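**Student:** Input: one structure, supplied below.
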Amino acid sequence: MIDAVYADLRSQAEADDPCVQLEAADSIESLLEHADRDLLSVDGKAELVRLVDAILFEALGRDASDVHLHPLDNKTLIRYRVDGVLHTARELFASVAPALASRVKVMGRLDIAEKRIPQDGRATVTIGRGGSELPRSIDLRISTLPTSYGERVVVRLLDTDRGRRMATFESLGMPDDVRDAYLKRAGRPNGIVLLTGPTGSGKTTTLYATLRWIASRGGGELNVMTVEDPIEYELSTAGVAISQSQVNTKKGVTFASGLRHILRQDPDVVMVGEIRDEETARVAVQSSLTGHLVFSTLHTNDSASAVTRLVDLGIEPYLVSASLSGVLAQRLVRTLHAKCGGTGCDACYQSGMLGRTALFEFLGVSEGIADLVASHAGVGDIRREAQSAGMRTLRQDGLRLVDAGCTTRHEVDRVTIDLGGAEQERPPKGTAE
């Protein structure tokens with residue numbers, strides 16, 4: 001479908017410049033009025049609208065997380081981020097880039113006349129399934145950025161169905177020993193549990209699964225609340241009551257101020273999307289010390305680094321040791337494509353890899369680690385103490401999957417850091433506790 005639409009659009013390019021058409025206000029208003037939000041419907045749509053819909057639909061079919069519309073001097077690249085890696089799916093002619101950018105900006109209710117500054121927006125589209133099944137809703141987070149060859153557009157695809165499918169720890173692929181140790185800490189009535197890793201490592205998905213587990217385990221007796229930026233998936237389901245709020249910096253709602261407001265709502269469990277500064281860290285620590293269970297994320301390389309990161313943010317070591325309960329570090333690695341045997345095919349972009357699974361490293365704050373933190377110990381000392389207690393590192397967890405034939409050594413090397421040479425690769429005796 002996308003090739004046919006593109007061919008039709010290209011044949012019209014010289015006679016009817018799509019850029020000129022989209023600059024007219026009445027054309028934009030017409031798109032807003034008549035564009036059907038269902039991606040599978042093509043009735044009455046302009047060729048440009050159909051082209052953008054086809055690109056989004058193809059990206060969803062590939063399970064892409066992001067769509068990149070990348071203008072260059074002599075062409076426009078259509079790229080999809082699949083399993084954390086960018087793939088060039090299409091190369092369109094250069095003159096269509098402004099039209100594509102304008103159409104996406106229309107969907108996100110952005111200012112199409114403003115092309116000199118970055119803009120952010122959001123939209124929602126649906127894919128009708130037919131029959132008795134409900135439509136599939138997709139949230140789009142849109143970002144535009146002016147470049148030397150025109151506006152570059154990135155659309156993040158947030159599939160609510162994907163969030164539902166990843167609602168359990170079994171679907172996350174968390175090893176039993178790590179899950180048991182992690183849930184032991186997550187089931188406590190107070191303290192701080194941190195998840196750490198780079199953007200796109202699955203932290204939010206794990207947090208959502210954790211909150212669902214806590215809310216359902218409490219039998220509705222717990223007040224579970226979040227402050228996020230943004231809310232990626234709606235957590236409330238039948239019998240599971242979770243209240244989600246969103247950061248709004250334009251109106252003065254930050255993580256720190258949002259957390260303060262939440263604490264006035266008599267919560268039992270609080271999730272703060274990210275600890276970015278001392279103010280948020282201090283409110284989170286104080287909340288945990290006054291009887292709340294607090295979950296949040298940090299961007300660090302491993303679990304031990306998250307402990308010292310709180311100190312670096314300005315939190316006194318004795319407060320960190322008293323409040324921190326555990327740290328879960330994670331990464332996502334691509335898995336071998338079973339259908340092609342890892343040799344490469346069209347479905348996996350000839351990479352031999354399709355789908356992802358997670359690597360986990362859990363550091364439970366024991367009495368020994370708490371003493372080290374309180375005495376201003378470094379990352380290395382904390383890491384060694386955790387490993388001697390049985391912590392399996394991210395790299396060791398990755399090598400476990402390599403041995404099981406799920407992924408490759410190259411893939412593990414791509415997302416993990418060798419922190420200790422050969423010794424680091426020997427799995428420790430004991431458990432993740």
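FYI, nothing fancy with the structure tokens labels: chains A, B, ... in order, residues from 1 per chain, ligands from 1 as they appear.
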Using the chain letters and numbers from this document, which residues of segment 94-222 of chain A does DSSP assign to strand (DSSP E), as an NGL selection string?
**Tutor:** :A and (119-127 or 136-147 or 150-159 or 191-196)
**Student:** Would you write out, as CSV, a table of all residues in segment 154-263 of chain A that have an atom no more than 12 Å from an atom of segment 270-284 of chain A, listing for each the closest atom pair and the distance in Å to one decimal, considering only C-alpha atoms and ordering rows by chain and rising residue number?
**Tutor:**
residue,atom,partner,partner_atom,distance
A:Ala186,CA,A:Val270,CA,11.6
A:Pro189,CA,A:Val270,CA,11.2
A:Asn190,CA,A:Val270,CA,10.0
A:Gly191,CA,A:Ala284,CA,9.3
A:Ile192,CA,A:Ala284,CA,7.6
A:Val193,CA,A:Met271,CA,9.6
A:Leu194,CA,A:Glu274,CA,9.4
A:Leu195,CA,A:Glu274,CA,9.3
A:Thr196,CA,A:Glu274,CA,9.7
A:Gly197,CA,A:Glu274,CA,11.3
A:Pro198,CA,A:Glu274,CA,11.7
A:Thr199,CA,A:Glu274,CA,11.1
A:Lys203,CA,A:Gly273,CA,9.7
A:Thr204,CA,A:Gly273,CA,8.0
A:Thr205,CA,A:Gly273,CA,11.6
A:Thr206,CA,A:Met271,CA,11.9
A:Leu207,CA,A:Met271,CA,8.2
A:Tyr208,CA,A:Met271,CA,9.4
A:Thr210,CA,A:Met271,CA,10.2
A:Leu211,CA,A:Met271,CA,8.3
A:Arg212,CA,A:Met271,CA,11.8
A:Ile214,CA,A:Val270,CA,11.1
A:Ala215,CA,A:Val270,CA,11.4
A:Leu222,CA,A:Val270,CA,10.6
A:Asn223,CA,A:Val270,CA,8.6
A:Val224,CA,A:Val270,CA,6.0
A:Met225,CA,A:Val270,CA,5.1
A:Thr226,CA,A:Met271,CA,4.5
A:Val227,CA,A:Val272,CA,5.2
A:Glu228,CA,A:Gly273,CA,4.5
A:Asp229,CA,A:Gly273,CA,6.4
A:Pro230,CA,A:Gly273,CA,8.3
A:Ile231,CA,A:Gly273,CA,9.0
A:Glu232,CA,A:Gly273,CA,10.6
A:Ile242,CA,A:Val270,CA,10.0
A:Ser243,CA,A:Val270,CA,9.8
A:Gln244,CA,A:Met271,CA,9.1
A:Ser245,CA,A:Val272,CA,9.9
A:Gln246,CA,A:Gly273,CA,9.2
A:Val247,CA,A:Gly273,CA,9.1
A:Thr254,CA,A:Thr280,CA,8.8
A:Phe255,CA,A:Thr280,CA,6.3
A:Ala256,CA,A:Thr280,CA,4.4
A:Ser257,CA,A:Thr280,CA,8.2
A:Gly258,CA,A:Val272,CA,8.7
A:Leu259,CA,A:Val272,CA,7.1
A:Arg260,CA,A:Val283,CA,7.4
A:His261,CA,A:Val283,CA,11.1
A:Ile262,CA,A:Val270,CA,7.9
A:Leu263,CA,A:Val270,CA,8.4
**Student:** Give me the residues within 12 Å of Asp397 of chain A as a PyMOL selection string, counting only C-alpha atoms and dropping any in the same chain fewer than 3 places off.
**Tutor:** chain A and resi 173-175+177-178+329-333+357-362+391-394+400-404+406-407+409+412-413+415-416+424-428+432
**Student:** Can you spit out the residues from that selection as a short mmCIF file (atom, residue, chain, number, x, y, z; two decimals), in the first residue's frame, using N, CA, C and O atoms?
**Tutor:**
data_model
loop_
_atom_site.label_atom_id
_atom_site.label_comp_id
_atom_site.auth_asym_id
_atom_site.auth_seq_id
_atom_site.Cartn_x
_atom_site.Cartn_y
_atom_site.Cartn_z
N GLY A 173 10.18 -11.38 31.49
CA GLY A 173 11.33 -12.27 31.38
C GLY A 173 12.29 -12.15 32.55
O GLY A 173 13.47 -12.51 32.43
N MET A 174 11.81 -11.69 33.69
CA MET A 174 12.68 -11.54 34.86
C MET A 174 12.97 -12.90 35.48
O MET A 174 12.04 -13.67 35.74
N PRO A 175 14.24 -13.25 35.70
CA PRO A 175 14.57 -14.54 36.32
C PRO A 175 13.92 -14.68 37.69
O PRO A 175 13.72 -13.69 38.40
N ASP A 177 14.95 -15.78 40.60
CA ASP A 177 15.67 -15.33 41.79
C ASP A 177 15.67 -13.80 41.89
O ASP A 177 15.51 -13.24 42.98
N VAL A 178 15.80 -13.12 40.75
CA VAL A 178 15.76 -11.66 40.76
C VAL A 178 14.36 -11.18 41.10
O VAL A 178 14.18 -10.25 41.90
N ALA A 329 18.70 -2.57 38.16
CA ALA A 329 19.23 -2.05 36.89
C ALA A 329 18.79 -2.97 35.77
O ALA A 329 18.70 -4.19 35.96
N GLN A 330 18.51 -2.41 34.61
CA GLN A 330 18.10 -3.26 33.50
C GLN A 330 18.50 -2.69 32.16
O GLN A 330 18.75 -1.49 32.01
N ARG A 331 18.59 -3.57 31.18
CA ARG A 331 18.87 -3.24 29.78
C ARG A 331 18.01 -4.14 28.91
O ARG A 331 17.56 -5.19 29.35
N LEU A 332 17.81 -3.73 27.67
CA LEU A 332 17.09 -4.55 26.71
C LEU A 332 18.05 -5.02 25.63
O LEU A 332 18.81 -4.22 25.07
N VAL A 333 18.03 -6.31 25.34
CA VAL A 333 18.84 -6.87 24.27
C VAL A 333 17.93 -7.51 23.22
O VAL A 333 16.89 -8.07 23.56
N THR A 357 14.41 -8.88 24.91
CA THR A 357 14.19 -9.33 26.28
C THR A 357 15.09 -8.51 27.19
O THR A 357 15.96 -7.78 26.72
N ALA A 358 14.86 -8.62 28.48
CA ALA A 358 15.55 -7.73 29.42
C ALA A 358 16.66 -8.46 30.18
O ALA A 358 16.57 -9.66 30.45
N LEU A 359 17.71 -7.69 30.50
CA LEU A 359 18.74 -8.13 31.43
C LEU A 359 18.49 -7.40 32.74
O LEU A 359 18.15 -6.22 32.74
N PHE A 360 18.68 -8.11 33.85
CA PHE A 360 18.38 -7.51 35.15
C PHE A 360 19.56 -7.68 36.11
O PHE A 360 20.27 -8.69 36.06
N GLU A 361 19.73 -6.69 36.97
CA GLU A 361 20.73 -6.72 38.04
C GLU A 361 20.07 -6.09 39.27
O GLU A 361 19.73 -4.91 39.24
N PHE A 362 19.89 -6.89 40.32
CA PHE A 362 19.21 -6.35 41.49
C PHE A 362 20.15 -6.27 42.68
O PHE A 362 20.79 -7.25 43.06
N MET A 391 24.83 -10.96 44.10
CA MET A 391 24.23 -10.20 43.01
C MET A 391 24.82 -10.61 41.67
O MET A 391 26.04 -10.70 41.51
N ARG A 392 23.97 -10.90 40.71
CA ARG A 392 24.40 -11.20 39.35
C ARG A 392 24.36 -9.91 38.54
O ARG A 392 23.34 -9.22 38.49
N THR A 393 25.46 -9.55 37.90
CA THR A 393 25.55 -8.29 37.18
C THR A 393 24.80 -8.36 35.86
O THR A 393 24.41 -9.43 35.38
N LEU A 394 24.61 -7.20 35.25
CA LEU A 394 23.94 -7.14 33.95
C LEU A 394 24.67 -7.99 32.91
O LEU A 394 24.05 -8.72 32.14
N ARG A 400 24.21 -15.35 30.49
CA ARG A 400 23.27 -16.44 30.76
C ARG A 400 22.34 -16.65 29.57
O ARG A 400 22.05 -17.78 29.16
N LEU A 401 21.88 -15.54 28.97
CA LEU A 401 21.00 -15.63 27.81
C LEU A 401 21.76 -16.07 26.56
O LEU A 401 21.19 -16.74 25.69
N VAL A 402 23.03 -15.70 26.47
CA VAL A 402 23.85 -16.17 25.35
C VAL A 402 23.99 -17.69 25.41
O VAL A 402 23.83 -18.40 24.42
N ASP A 403 24.28 -18.21 26.61
CA ASP A 403 24.42 -19.65 26.78
C ASP A 403 23.12 -20.39 26.48
O ASP A 403 23.13 -21.53 26.02
N ALA A 404 21.99 -19.70 26.72
CA ALA A 404 20.68 -20.32 26.46
C ALA A 404 20.28 -20.20 24.99
O ALA A 404 19.24 -20.74 24.60
N CYS A 406 19.49 -17.44 23.36
CA CYS A 406 18.45 -16.42 23.14
C CYS A 406 18.98 -15.20 22.41
O CYS A 406 18.24 -14.53 21.69
N THR A 407 20.27 -14.88 22.61
CA THR A 407 20.85 -13.69 22.01
C THR A 407 22.32 -13.96 21.70
O THR A 407 22.78 -15.10 21.81
N ARG A 409 26.64 -12.72 21.89
CA ARG A 409 27.62 -12.02 22.71
C ARG A 409 27.78 -10.58 22.23
O ARG A 409 27.93 -9.65 23.05
N VAL A 412 25.04 -8.49 23.76
CA VAL A 412 25.28 -8.23 25.18
C VAL A 412 26.36 -7.16 25.34
O VAL A 412 26.25 -6.25 26.17
N ASP A 413 27.41 -7.25 24.55
CA ASP A 413 28.48 -6.24 24.60
C ASP A 413 27.97 -4.86 24.21
O ASP A 413 28.48 -3.84 24.69
N VAL A 415 25.12 -3.45 24.95
CA VAL A 415 24.30 -2.75 25.94
C VAL A 415 24.86 -2.82 27.36
O VAL A 415 24.30 -2.21 28.27
N THR A 416 25.96 -3.55 27.58
CA THR A 416 26.52 -3.65 28.92
C THR A 416 27.97 -3.21 28.92
O THR A 416 28.63 -3.19 27.87
N GLN A 424 34.33 -10.62 36.27
CA GLN A 424 32.97 -10.11 36.12
C GLN A 424 32.09 -11.11 35.38
O GLN A 424 30.88 -11.11 35.54
N GLU A 425 32.68 -11.96 34.54
CA GLU A 425 31.89 -12.86 33.72
C GLU A 425 31.60 -14.18 34.41
O GLU A 425 30.88 -15.02 33.89
N ARG A 426 32.17 -14.42 35.57
CA ARG A 426 31.88 -15.66 36.30
C ARG A 426 30.66 -15.44 37.17
O ARG A 426 30.71 -14.59 38.10
N PRO A 427 29.55 -16.14 36.91
CA PRO A 427 28.36 -15.96 37.74
C PRO A 427 28.66 -16.25 39.21
O PRO A 427 29.35 -17.21 39.53
N PRO A 428 28.20 -15.40 40.10
CA PRO A 428 28.46 -15.62 41.52
C PRO A 428 27.64 -16.76 42.06
O PRO A 428 26.59 -17.11 41.53
N ALA A 432 20.18 -13.59 43.95
CA ALA A 432 20.17 -12.14 43.75
C ALA A 432 19.89 -11.37 45.02
O ALA A 432 19.93 -10.16 45.04
#
**Student:** Considering only C-alpha atoms, state which residue in the set A:Arg122, A:Arg264, A:Lys184, A:Arg152 is at the smallest distance from Arg109 of chain A.
**Tutor:** A:Arg122
**Student:** Report as a VMD selection string: the residues of segment 295-378 of chain A with a DSSP assignment of alpha helix (DSSP H), based on the backbone of this structure.
**Tutor:** chain A and resid 303 to 312 317 to 323 367 to 374
**Student:** Please dump the current selection as a compact mmCIF listing (two decimals), in the first residue's frame; keep N, CA, C and O atoms.
**Tutor:**
# COMPACT_ATOMS: atom_id res chain seq x y z
N SER A 303 23.44 -0.72 39.16
CA SER A 303 22.70 -0.53 40.40
C SER A 303 23.54 0.14 41.48
O SER A 303 23.05 1.01 42.22
N ALA A 304 24.81 -0.21 41.58
CA ALA A 304 25.67 0.38 42.62
C ALA A 304 25.84 1.88 42.40
O ALA A 304 25.89 2.67 43.36
N SER A 305 25.91 2.30 41.15
CA SER A 305 26.08 3.73 40.85
C SER A 305 24.86 4.54 41.28
O SER A 305 24.98 5.74 41.59
N ALA A 306 23.68 3.91 41.30
CA ALA A 306 22.47 4.62 41.72
C ALA A 306 22.55 5.02 43.18
O ALA A 306 22.02 6.06 43.58
N VAL A 307 23.20 4.18 43.99
CA VAL A 307 23.32 4.47 45.41
C VAL A 307 24.12 5.75 45.63
O VAL A 307 23.71 6.66 46.36
N THR A 308 25.26 5.84 44.99
CA THR A 308 26.11 7.01 45.16
C THR A 308 25.57 8.23 44.43
O THR A 308 25.90 9.36 44.77
N ARG A 309 24.72 8.00 43.42
CA ARG A 309 24.12 9.11 42.69
C ARG A 309 23.24 9.95 43.62
O ARG A 309 23.22 11.19 43.53
N LEU A 310 22.53 9.32 44.53
CA LEU A 310 21.71 10.05 45.48
C LEU A 310 22.58 10.95 46.36
O LEU A 310 22.21 12.08 46.68
N VAL A 311 23.74 10.43 46.74
CA VAL A 311 24.67 11.23 47.54
C VAL A 311 25.19 12.40 46.71
O VAL A 311 25.29 13.54 47.20
N ASP A 312 25.49 12.15 45.43
CA ASP A 312 25.96 13.21 44.55
C ASP A 312 24.92 14.31 44.38
O ASP A 312 25.27 15.48 44.15
N PRO A 317 24.54 10.82 53.26
CA PRO A 317 24.70 9.36 53.19
C PRO A 317 23.88 8.60 54.22
O PRO A 317 23.36 7.51 53.93
N TYR A 318 23.75 9.14 55.44
CA TYR A 318 23.00 8.41 56.46
C TYR A 318 21.52 8.34 56.10
O TYR A 318 20.82 7.37 56.46
N LEU A 319 21.01 9.34 55.38
CA LEU A 319 19.61 9.31 54.93
C LEU A 319 19.42 8.31 53.80
O LEU A 319 18.40 7.62 53.72
N VAL A 320 20.40 8.23 52.90
CA VAL A 320 20.34 7.25 51.81
C VAL A 320 20.33 5.84 52.38
O VAL A 320 19.53 4.99 51.98
N SER A 321 21.25 5.57 53.32
CA SER A 321 21.33 4.22 53.89
C SER A 321 20.07 3.85 54.66
O SER A 321 19.69 2.67 54.71
N ALA A 322 19.41 4.84 55.24
CA ALA A 322 18.20 4.57 56.03
C ALA A 322 16.96 4.40 55.17
O ALA A 322 16.02 3.71 55.57
N SER A 323 16.95 5.01 53.97
CA SER A 323 15.72 5.00 53.16
C SER A 323 15.75 4.05 51.97
O SER A 323 14.72 3.50 51.59
N GLU A 367 22.32 -4.87 55.39
CA GLU A 367 22.93 -4.12 56.48
C GLU A 367 24.36 -3.73 56.16
O GLU A 367 24.81 -2.62 56.46
N GLY A 368 25.07 -4.65 55.49
CA GLY A 368 26.46 -4.36 55.12
C GLY A 368 26.57 -3.23 54.12
O GLY A 368 27.43 -2.35 54.25
N ILE A 369 25.69 -3.23 53.13
CA ILE A 369 25.71 -2.16 52.12
C ILE A 369 25.27 -0.85 52.75
O ILE A 369 25.83 0.21 52.46
N ALA A 370 24.28 -0.89 53.64
CA ALA A 370 23.83 0.33 54.31
C ALA A 370 24.96 0.95 55.12
O ALA A 370 25.13 2.18 55.13
N ASP A 371 25.75 0.11 55.77
CA ASP A 371 26.89 0.62 56.54
C ASP A 371 27.93 1.26 55.63
O ASP A 371 28.52 2.30 55.97
N LEU A 372 28.16 0.65 54.45
CA LEU A 372 29.11 1.21 53.49
C LEU A 372 28.64 2.58 52.99
O LEU A 372 29.42 3.52 52.89
N VAL A 373 27.34 2.68 52.68
CA VAL A 373 26.80 3.94 52.19
C VAL A 373 26.93 5.02 53.26
O VAL A 373 27.35 6.15 52.98
N ALA A 374 26.58 4.68 54.50
CA ALA A 374 26.64 5.65 55.59
C ALA A 374 28.07 6.13 55.85
O ALA A 374 28.28 7.24 56.34
**Student:** Within 9 Å of Gly355 of chain A, counting only C-alpha atoms, which residues show up once you throw out same-chain ones fewer than 3 positions away? Write them as a PyMOL selection string, please.
**Tutor:** chain A and resi 63+82-83+333-337
**Student:** Could you dump the residues just selected with N, CA and C atoms as a CSV table (one decimal), in the first residue's frame?
**Tutor:**
chain,number,residue,atom,x,y,z
A,63,ASP,N,6.2,-3.2,14.8
A,63,ASP,CA,6.4,-3.0,16.2
A,63,ASP,C,7.5,-2.0,16.5
A,82,VAL,N,13.2,-0.1,15.6
A,82,VAL,CA,12.7,-1.4,15.9
A,82,VAL,C,13.6,-2.1,16.9
A,83,ASP,N,13.1,-2.5,18.0
A,83,ASP,CA,14.0,-3.2,19.0
A,83,ASP,C,15.2,-2.4,19.4
A,333,VAL,N,18.0,-6.3,25.3
A,333,VAL,CA,18.8,-6.9,24.3
A,333,VAL,C,17.9,-7.5,23.2
A,334,ARG,N,18.3,-7.4,22.0
A,334,ARG,CA,17.6,-8.1,20.9
A,334,ARG,C,17.8,-9.6,21.0
A,335,THR,N,16.7,-10.3,20.6
A,335,THR,CA,16.8,-11.8,20.6
A,335,THR,C,16.9,-12.3,19.2
A,336,LEU,N,17.4,-13.5,19.1
A,336,LEU,CA,17.6,-14.1,17.7
A,336,LEU,C,16.2,-14.4,17.1
A,337,HIS,N,16.1,-14.1,15.8
A,337,HIS,CA,14.9,-14.4,15.1
A,337,HIS,C,14.7,-15.9,14.8
**Student:** Can you measure atom CA of Val155 of chain A to atom CA of Phe295 of chain A for me? One decimal in Å is fine.
**Tutor:**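 Answer for the atom CA of Val155 of chain A to atom CA of Phe295 of chain A separation: 28.1 Å.
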**Student:** I'd like to know which of A:Arg103, A:Lys115, A:Leu86, A:Ser65 is closest to Asp53 of chain A, using only C-alpha atoms.
**Tutor:**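 The shortest atom-to-atom distance to Asp53 of chain A comes from A:Arg103.
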